[in-house]
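*Asks:* So here's start.txt (compact mmCIF, C-alpha atoms).
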# COMPACT_ATOMS: atom_id res chain seq x y z
CA MET A 1 -7.62 -1.42 6.59
CA GLU A 2 -8.39 -2.92 9.97
CA ASP A 3 -11.79 -1.24 10.01
CA SER A 4 -12.67 -2.20 6.46
CA THR A 5 -10.76 -4.91 4.59
CA PHE A 6 -9.82 -6.92 7.68
CA THR A 7 -13.40 -7.10 8.96
CA SER A 8 -14.68 -8.58 5.71
CA LYS A 9 -16.09 -12.12 5.82
CA ASP A 10 -13.88 -13.23 2.91
CA VAL A 11 -10.69 -11.91 4.49
CA ILE A 12 -11.61 -13.52 7.83
CA ALA A 13 -12.18 -16.82 6.00
CA LEU A 14 -8.75 -16.44 4.37
CA SER A 15 -7.22 -15.85 7.80
CA LYS A 16 -7.64 -19.46 8.89
CA ASP A 17 -4.50 -20.30 6.89
CA MET A 18 -2.66 -17.14 7.92
CA ILE A 19 -1.07 -15.51 10.91
CA PHE A 20 -1.71 -11.78 10.91
CA VAL A 21 0.59 -9.21 12.45
CA LYS A 22 0.74 -5.44 12.19
CA ALA A 23 3.39 -2.78 12.59
CA GLU A 24 2.82 0.93 13.08
CA GLY A 25 5.06 2.81 10.67
CA LYS A 26 6.14 5.64 12.96
CA LYS A 27 6.87 3.41 15.96
CA ASP A 28 8.19 0.23 14.38
CA THR A 29 10.70 1.74 11.97
CA ALA A 30 13.09 -1.21 12.33
CA MET A 31 10.48 -3.58 10.93
CA GLY A 32 9.65 -1.08 8.20
CA ASP A 33 13.31 -0.87 7.22
CA ARG A 34 13.70 -4.63 7.37
CA PHE A 35 11.00 -4.96 4.69
CA ALA A 36 11.96 -1.75 2.83
CA ILE A 37 8.46 -0.34 3.22
CA ALA A 38 7.96 2.53 0.77
CA GLY A 39 4.60 3.78 2.07
CA PHE A 40 1.46 2.97 3.99
CA PRO A 41 -0.53 0.85 4.06
CA THR A 42 1.61 -2.02 2.81
CA VAL A 43 0.72 -5.67 3.34
CA VAL A 44 3.52 -8.23 3.05
CA LEU A 45 2.62 -11.86 2.41
CA MET A 46 5.26 -14.28 3.70
CA LYS A 47 5.92 -17.98 3.87
CA SER A 48 6.08 -19.50 7.36
CA THR A 49 9.86 -19.05 7.16
CA GLY A 50 9.48 -15.29 6.87
CA GLU A 51 10.47 -15.24 3.19
CA GLU A 52 8.42 -12.66 1.31
CA ILE A 53 6.08 -13.94 -1.40
CA ASP A 54 4.91 -10.47 -2.42
CA ARG A 55 3.25 -7.35 -1.12
CA ILE A 56 0.26 -5.11 -1.66
CA TYR A 57 1.10 -1.42 -1.66
CA GLY A 58 -1.87 0.82 -0.88
CA TYR A 59 -5.45 0.16 0.05
CA LEU A 60 -7.43 -2.58 -1.70
CA PRO A 61 -11.12 -3.38 -1.18
CA ASP A 62 -11.72 -6.79 0.42
CA SER A 63 -12.61 -8.77 -2.72
CA GLU A 64 -9.55 -7.48 -4.58
CA PHE A 65 -7.40 -8.04 -1.50
CA VAL A 66 -8.46 -11.71 -1.30
CA SER A 67 -8.04 -12.34 -5.05
CA THR A 68 -4.58 -10.72 -5.02
CA ILE A 69 -3.43 -12.82 -2.06
CA GLN A 70 -4.81 -15.96 -3.71
CA ALA A 71 -3.00 -15.11 -6.96
CA TYR A 72 0.24 -14.55 -5.04
CA LEU A 73 -0.16 -17.93 -3.33
CA GLN A 74 -0.37 -19.50 -6.80
CA GLY A 75 2.77 -17.64 -7.87
CA LYS A 76 0.85 -15.28 -10.17
CA GLU A 77 1.37 -11.50 -10.43
CA THR A 78 4.30 -11.66 -8.02
CA LEU A 79 7.51 -9.72 -8.65
CA GLU A 80 9.26 -12.92 -9.71
CA ASP A 81 6.43 -13.85 -12.08
CA MET A 82 6.49 -10.39 -13.66
CA GLU A 83 10.28 -10.34 -13.99
CA ASN A 84 10.14 -13.68 -15.82
CA ARG A 85 7.37 -12.48 -18.12
CA PHE A 86 9.16 -9.21 -18.82
CA GLN A 87 12.32 -11.09 -19.72
CA ALA A 88 10.28 -13.00 -22.28
CA ASP A 89 8.60 -9.86 -23.65
CA SER A 90 10.19 -6.55 -22.78
CA THR A 91 7.88 -4.58 -25.10
CA ASP A 92 4.81 -5.00 -22.90
CA VAL A 93 4.03 -1.47 -21.67
CA GLU A 94 1.43 -2.58 -19.14
CA LEU A 95 3.78 -5.16 -17.63
CA ALA A 96 6.68 -2.67 -17.47
CA THR A 97 4.39 -0.27 -15.57
CA LYS A 98 3.34 -2.94 -13.08
CA LEU A 99 6.93 -4.03 -12.62
CA ALA A 100 8.00 -0.43 -11.94
CA ASP A 101 5.28 -0.16 -9.28
CA LYS A 102 6.50 -3.41 -7.70
CA TYR A 103 10.07 -2.11 -7.50
CA GLU A 104 8.93 1.24 -6.14
CA ALA A 105 6.95 -0.51 -3.39
CA ARG A 106 10.22 -2.17 -2.33
CA ARG A 107 12.25 1.07 -2.40
CA ARG A 108 14.14 -0.35 -5.40
CA TYR A 109 14.05 3.03 -7.06
CA ASP A 110 16.79 2.50 -9.65
CA GLU A 111 15.03 -0.52 -11.09
CA ALA A 112 11.68 1.28 -10.93
CA ALA A 113 13.16 4.21 -12.86
CA LEU A 114 14.52 1.87 -15.56
CA CYS A 115 11.05 0.37 -16.01
CA TYR A 116 9.33 3.78 -16.18
CA GLN A 117 11.95 4.94 -18.71
CA LYS A 118 11.19 1.82 -20.73
CA VAL A 119 7.45 2.65 -20.65
CA VAL A 120 8.12 6.18 -21.92
CA ALA A 121 10.49 4.88 -24.61
CA LEU A 122 8.03 2.20 -25.76
CA ASP A 123 5.09 4.58 -25.98
CA PRO A 124 6.34 8.18 -26.26
CA GLU A 125 2.97 9.47 -27.45
CA ASN A 126 1.12 7.86 -24.53
CA LYS A 127 -1.19 5.90 -26.83
CA LYS A 128 -1.54 3.17 -24.21
CA GLY A 129 -2.15 5.67 -21.42
CA LYS A 130 0.81 4.66 -19.24
CA SER A 131 3.60 6.98 -20.36
CA LYS A 132 2.22 10.15 -18.79
CA ASP A 133 2.11 8.59 -15.31
CA ALA A 134 5.50 6.99 -15.93
CA LEU A 135 7.04 10.38 -16.76
CA PHE A 136 5.50 11.89 -13.64
CA ASN A 137 6.66 8.93 -11.53
CA LEU A 138 10.21 9.34 -12.84
CA ALA A 139 10.18 12.82 -11.28
CA TRP A 140 8.56 11.54 -8.10
CA LEU A 141 11.27 8.86 -7.80
CA GLU A 142 13.88 11.63 -7.65
CA ILE A 143 12.07 13.03 -4.61
CA ARG A 144 12.08 9.53 -3.16
CA ARG A 145 15.81 9.34 -3.79
CA LYS A 146 16.20 12.83 -2.25
CA ASP A 147 17.83 14.11 -5.43
CA TYR A 148 15.73 17.27 -5.41
CA LEU A 149 17.38 19.23 -8.21
CA LYS A 150 16.99 16.23 -10.49
CA ALA A 151 13.35 16.15 -9.40
CA VAL A 152 12.97 19.79 -10.51
CA ASP A 153 14.37 18.91 -13.95
CA ALA A 154 12.17 15.85 -14.22
CA PHE A 155 8.98 17.72 -13.28
CA GLN A 156 9.88 20.46 -15.77
CA ASN A 157 10.38 17.75 -18.37
CA PHE A 158 6.88 16.48 -17.53
CA LEU A 159 5.42 19.99 -17.88
CA GLU A 160 7.04 20.45 -21.28
CA LYS A 161 5.40 17.26 -22.49
CA TYR A 162 2.05 17.76 -20.70
CA PRO A 163 1.58 21.52 -20.14
CA LYS A 164 -2.20 21.32 -19.82
CA ASP A 165 -3.08 18.18 -17.99
CA GLU A 166 -4.82 17.11 -14.79
CA MET A 167 -1.36 16.34 -13.34
CA THR A 168 0.13 19.71 -14.30
CA GLU A 169 -0.90 21.27 -10.99
CA ASP A 170 0.84 18.53 -9.04
CA ALA A 171 4.03 18.96 -11.05
CA GLU A 172 3.90 22.74 -10.49
CA ARG A 173 3.46 22.15 -6.77
CA TYR A 174 6.29 19.65 -6.46
CA ILE A 175 8.82 21.89 -8.22
CA PRO A 176 8.86 24.51 -5.40
CA TYR A 177 8.66 21.65 -2.89
CA SER A 178 11.84 20.19 -4.45
CA TYR A 179 13.57 23.57 -4.41
CA ALA A 180 12.68 23.95 -0.73
CA GLN A 181 14.05 20.49 0.04
CA ALA A 182 17.22 21.36 -1.89
CA GLY A 183 17.64 24.45 0.30
CA ASP A 184 16.69 27.11 -2.28
CA THR A 185 14.06 28.85 -0.14
CA ALA A 186 13.81 31.99 -2.31
CA LYS A 187 13.04 30.01 -5.45
CA ALA A 188 10.62 27.79 -3.56
CA LEU A 189 8.72 30.81 -2.17
CA GLU A 190 8.61 32.47 -5.59
CA LEU A 191 7.16 29.36 -7.25
CA TYR A 192 4.71 28.59 -4.43
CA GLN A 193 3.37 32.17 -4.81
CA LYS A 194 3.16 31.66 -8.58
CA PHE A 195 1.20 28.47 -7.96
CA LEU A 196 -1.35 30.38 -5.84
CA THR A 197 -1.66 33.04 -8.56
CA ASP A 198 -2.02 30.49 -11.38
CA HIS A 199 -4.34 28.11 -9.48
CA PRO A 200 -6.38 30.20 -7.03
CA SER A 201 -9.14 27.59 -6.78
CA SER A 202 -6.87 24.54 -6.51
CA ALA A 203 -7.68 22.00 -3.81
CA ASP A 204 -4.01 22.24 -2.79
CA THR A 205 -3.91 25.94 -1.95
CA GLY A 206 -4.11 25.13 1.77
CA TRP A 207 -1.11 22.80 1.48
CA VAL A 208 0.85 25.41 -0.46
CA LYS A 209 -0.01 28.20 2.01
CA GLU A 210 1.14 25.98 4.86
CA LYS A 211 4.46 25.35 3.06
CA ILE A 212 4.92 29.10 2.51
CA LYS A 213 4.23 29.73 6.19
CA GLN A 214 6.77 27.08 7.22
CA LEU A 215 9.45 28.45 4.89
CA LYS A 216 8.92 32.02 6.11
CA HIS A 217 9.02 30.84 9.72
CA GLU A 218 12.23 28.89 9.08
CA GLY A 219 13.69 31.96 7.34
CA SER A 220 12.86 34.24 10.26
CA THR A 221 14.28 31.70 12.74
CA ASP A 222 17.49 31.41 10.73
CA SER A 223 17.94 35.21 10.46
CA SER A 224 17.30 35.68 14.18
CA ARG A 225 19.99 33.06 14.88
CA THR A 226 22.56 34.92 12.77
CA GLN A 227 21.83 38.28 14.38
CA MET B 1 -55.27 -39.57 31.06
CA LYS B 2 -52.36 -41.94 31.75
CA ARG B 3 -51.78 -42.35 27.98
CA LYS B 4 -51.61 -38.56 27.53
CA VAL B 5 -48.97 -38.19 30.26
CA LEU B 6 -46.91 -40.98 28.69
CA HIS B 7 -47.16 -39.30 25.30
CA GLU B 8 -45.99 -35.95 26.71
CA PHE B 9 -43.11 -37.70 28.50
CA CYS B 10 -41.98 -39.35 25.23
CA VAL B 11 -42.10 -35.99 23.39
CA LEU B 12 -40.07 -34.34 26.15
CA ARG B 13 -37.46 -37.12 26.02
CA LEU B 14 -37.25 -36.77 22.25
CA VAL B 15 -36.72 -33.03 22.55
CA VAL B 16 -33.97 -33.53 25.15
CA VAL B 17 -32.21 -36.20 23.04
CA LEU B 18 -32.40 -34.06 19.90
CA SER B 19 -31.08 -31.01 21.74
CA LEU B 20 -28.16 -32.95 23.18
CA GLY B 21 -27.43 -34.35 19.71
CA ALA B 22 -27.46 -30.88 18.18
CA ILE B 23 -25.11 -29.58 20.88
CA PHE B 24 -22.74 -32.52 20.31
CA LEU B 25 -22.74 -32.07 16.51
CA SER B 26 -22.18 -28.31 16.67
CA SER B 27 -19.17 -28.87 18.92
CA CYS B 28 -17.71 -31.24 16.29
CA VAL B 29 -18.00 -28.69 13.47
CA LYS B 30 -15.01 -26.32 13.30
CA LYS B 31 -16.43 -22.83 13.20
CA ALA B 32 -14.92 -20.11 11.06
CA PRO B 33 -13.42 -17.31 13.17
CA ASP B 34 -15.61 -14.24 13.45
CA GLN B 35 -12.58 -11.95 13.49
CA ILE B 36 -8.91 -12.01 12.64
CA GLU B 37 -6.52 -12.97 15.41
CA TRP B 38 -3.40 -10.82 15.43
CA ALA B 39 0.02 -11.95 16.60
CA SER B 40 1.69 -9.59 19.05
CA SER B 41 4.94 -9.28 17.08
CA LEU B 42 6.64 -10.51 13.93
CA GLU B 43 8.70 -12.96 15.98
CA ASP B 44 5.51 -14.31 17.54
CA ALA B 45 3.92 -14.55 14.08
CA LEU B 46 6.97 -16.39 12.69
CA LYS B 47 6.98 -18.89 15.53
CA THR B 48 3.25 -19.59 15.27
CA ALA B 49 3.41 -19.77 11.48
CA GLN B 50 6.23 -22.32 11.63
CA ASP B 51 4.50 -24.36 14.33
CA GLN B 52 1.20 -24.41 12.44
CA ASP B 53 2.63 -24.30 8.88
CA LYS B 54 0.76 -21.13 7.99
CA TYR B 55 1.47 -18.08 5.90
CA ILE B 56 2.03 -14.67 7.45
CA ILE B 57 0.35 -11.42 6.53
CA ALA B 58 2.10 -8.35 7.96
CA GLU B 59 0.29 -5.05 7.71
CA PHE B 60 2.33 -1.85 7.89
CA TRP B 61 0.13 1.13 8.62
CA MET B 62 0.37 4.70 9.75
CA ASP B 63 -2.09 7.08 11.37
CA GLY B 64 -3.22 10.09 9.37
Would you write the structure of this file as structure tokens?
*Replies:*
Amino acid sequence: MEDSTFTSKDVIALSKDMIFVKAEGKKDTAMGDRFAIAGFPTVVLMKSTGEEIDRIYGYLPDSEFVSTIQAYLQGKETLEDMENRFQADSTDVELATKLADKYEARRRYDEAALCYQKVVALDPENKKGKSKDALFNLAWLEIRRKDYLKAVDAFQNFLEKYPKDEMTEDAERYIPYSYAQAGDTAKALELYQKFLTDHPSSADTGWVKEKIKQLKHEGSTDSSRTQ
Amino acid sequence: MKRKVLHEFCVLRLVVVLSLGAIFLSSCVKKAPDQIEWASSLEDALKTAQDQDKYIIAEFWMDG
């Protein structure tokens, strides 16, 4: 962002009322934990007291970055604003999705899961186009929570509902990943190989081959230790 | 000849006065920064923000 958003004229103009500071995720883990940073880049807007107003999770182009910060400063589209609106109308699928994203960006995974479940329940046939992502995100949240066998079930649930979809490949890739994380190397290897057979021209074949290599290497290291 | 020299002298004085005026006025106008100034740490940012009653923007980033 420093080379793009933060060099924009509009962002620089905004900076006259702001103090900017940055933290490198790998080095400054204490600061990351203090703000429950879920991923990078994340920008946290705070009052001068250090109290968080809200955050932006992921990259935004400069104009959107400025308009989001300005909205936050007016108390709009913040977590608090959305929670209040959702209390008034808990049937708003779009709002439930945004709220889930807000919770996820704060590592508040239980609340995020409740919102995604609400989205799926409100629109089971995905007529509003949010339920498919919500179902996928419910599985992804299990990986976030390191409950890998639950993640396997959730991705399989996604595949049952959306067997031929642009996100199917990702779900089929994350199932062996979850098995590997859960310690079931044999199942992970079997399903990674199946992925390569089923999707030979996937953009993720390199990633999958690397995972297979790592698992085989770990397996050979483990067996040499026991000998 | 004398009138021409006087005329040139007056023009030169006018140019000097106008230039000095422009320099004075530009120093009075607060310029927008041409780049963002970053605090060295969150503690530093908090202190400066409290002193100057400003908001804080903290960017968390990672290479790769």
*Asks:* Taking only C-alpha atoms into account and nothing else, which residues of chain B lie no more than 7 Å away from chain A? Please answer as a ChimeraX atom specification.
*Replies:* /B:32-42,45-46,49-50,53-62
*Asks:* Atom CA of Ala134 of chain A and atom CA of Thr68 of chain A are how many Å apart?
*Replies:*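 If I compute the distance from atom CA of Ala134 of chain A to atom CA of Thr68 of chain A, I get 23.1 Å.
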*Asks:* As an exercise, work out the distance from atom CA of Glu94 of chain A to atom CA of Glu172 of chain A in Å and give it to one decimal place.
*Replies:* 26.9 Å
*Asks:* Quick check, in Å to one decimal: how far apart do atom CA of Tyr179 of chain A and atom CA of Lys130 of chain A lie?
*Replies:*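 Separating atom CA of Tyr179 of chain A from atom CA of Lys130 of chain A is a distance of 27.2 Å.
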*Asks:* Each side padded by 3 Å, which centre and which edge lengths in Å (one decimal) define the axis-aligned box around the listed atoms of segment 79-87 of chain A? Give them as JSON.
*Replies:*
{"center_x": 9.4, "center_y": -11.5, "center_z": -14.2, "size_x": 11.9, "size_y": 10.6, "size_z": 17.1}
*Asks:* For Thr97 of chain A, list every protein, DNA or RNA residue within 9 Å, evaluated using all atoms listed in the file, and leave out those in the same chain fewer than 2 positions away; present the list as a PyMOL selection string.
*Replies:* chain A and resi 92-95+99-102+112+115-116+118-119+130-131+134
*Asks:* Can you tell me which residues surround Glu160 of chain A at a distance of at most 12 Å, considering all atoms listed in the file, apart from same-chain residues fewer than 3 positions away, and format the answer as a list in words?
*Replies:* Lys132, Leu135, Phe136, Asp153, Ala154, Phe155, Gln156, Asn157, Pro163, Lys164, Asp165, Thr168, Ala171 and Glu172 of chain A
*Asks:* Which residue is closest to Val120 of chain A? Choose from A:Asp89, A:Asp133, A:Glu210, A:Asp54 and count all atoms listed in the file.
*Replies:* A:Asp133
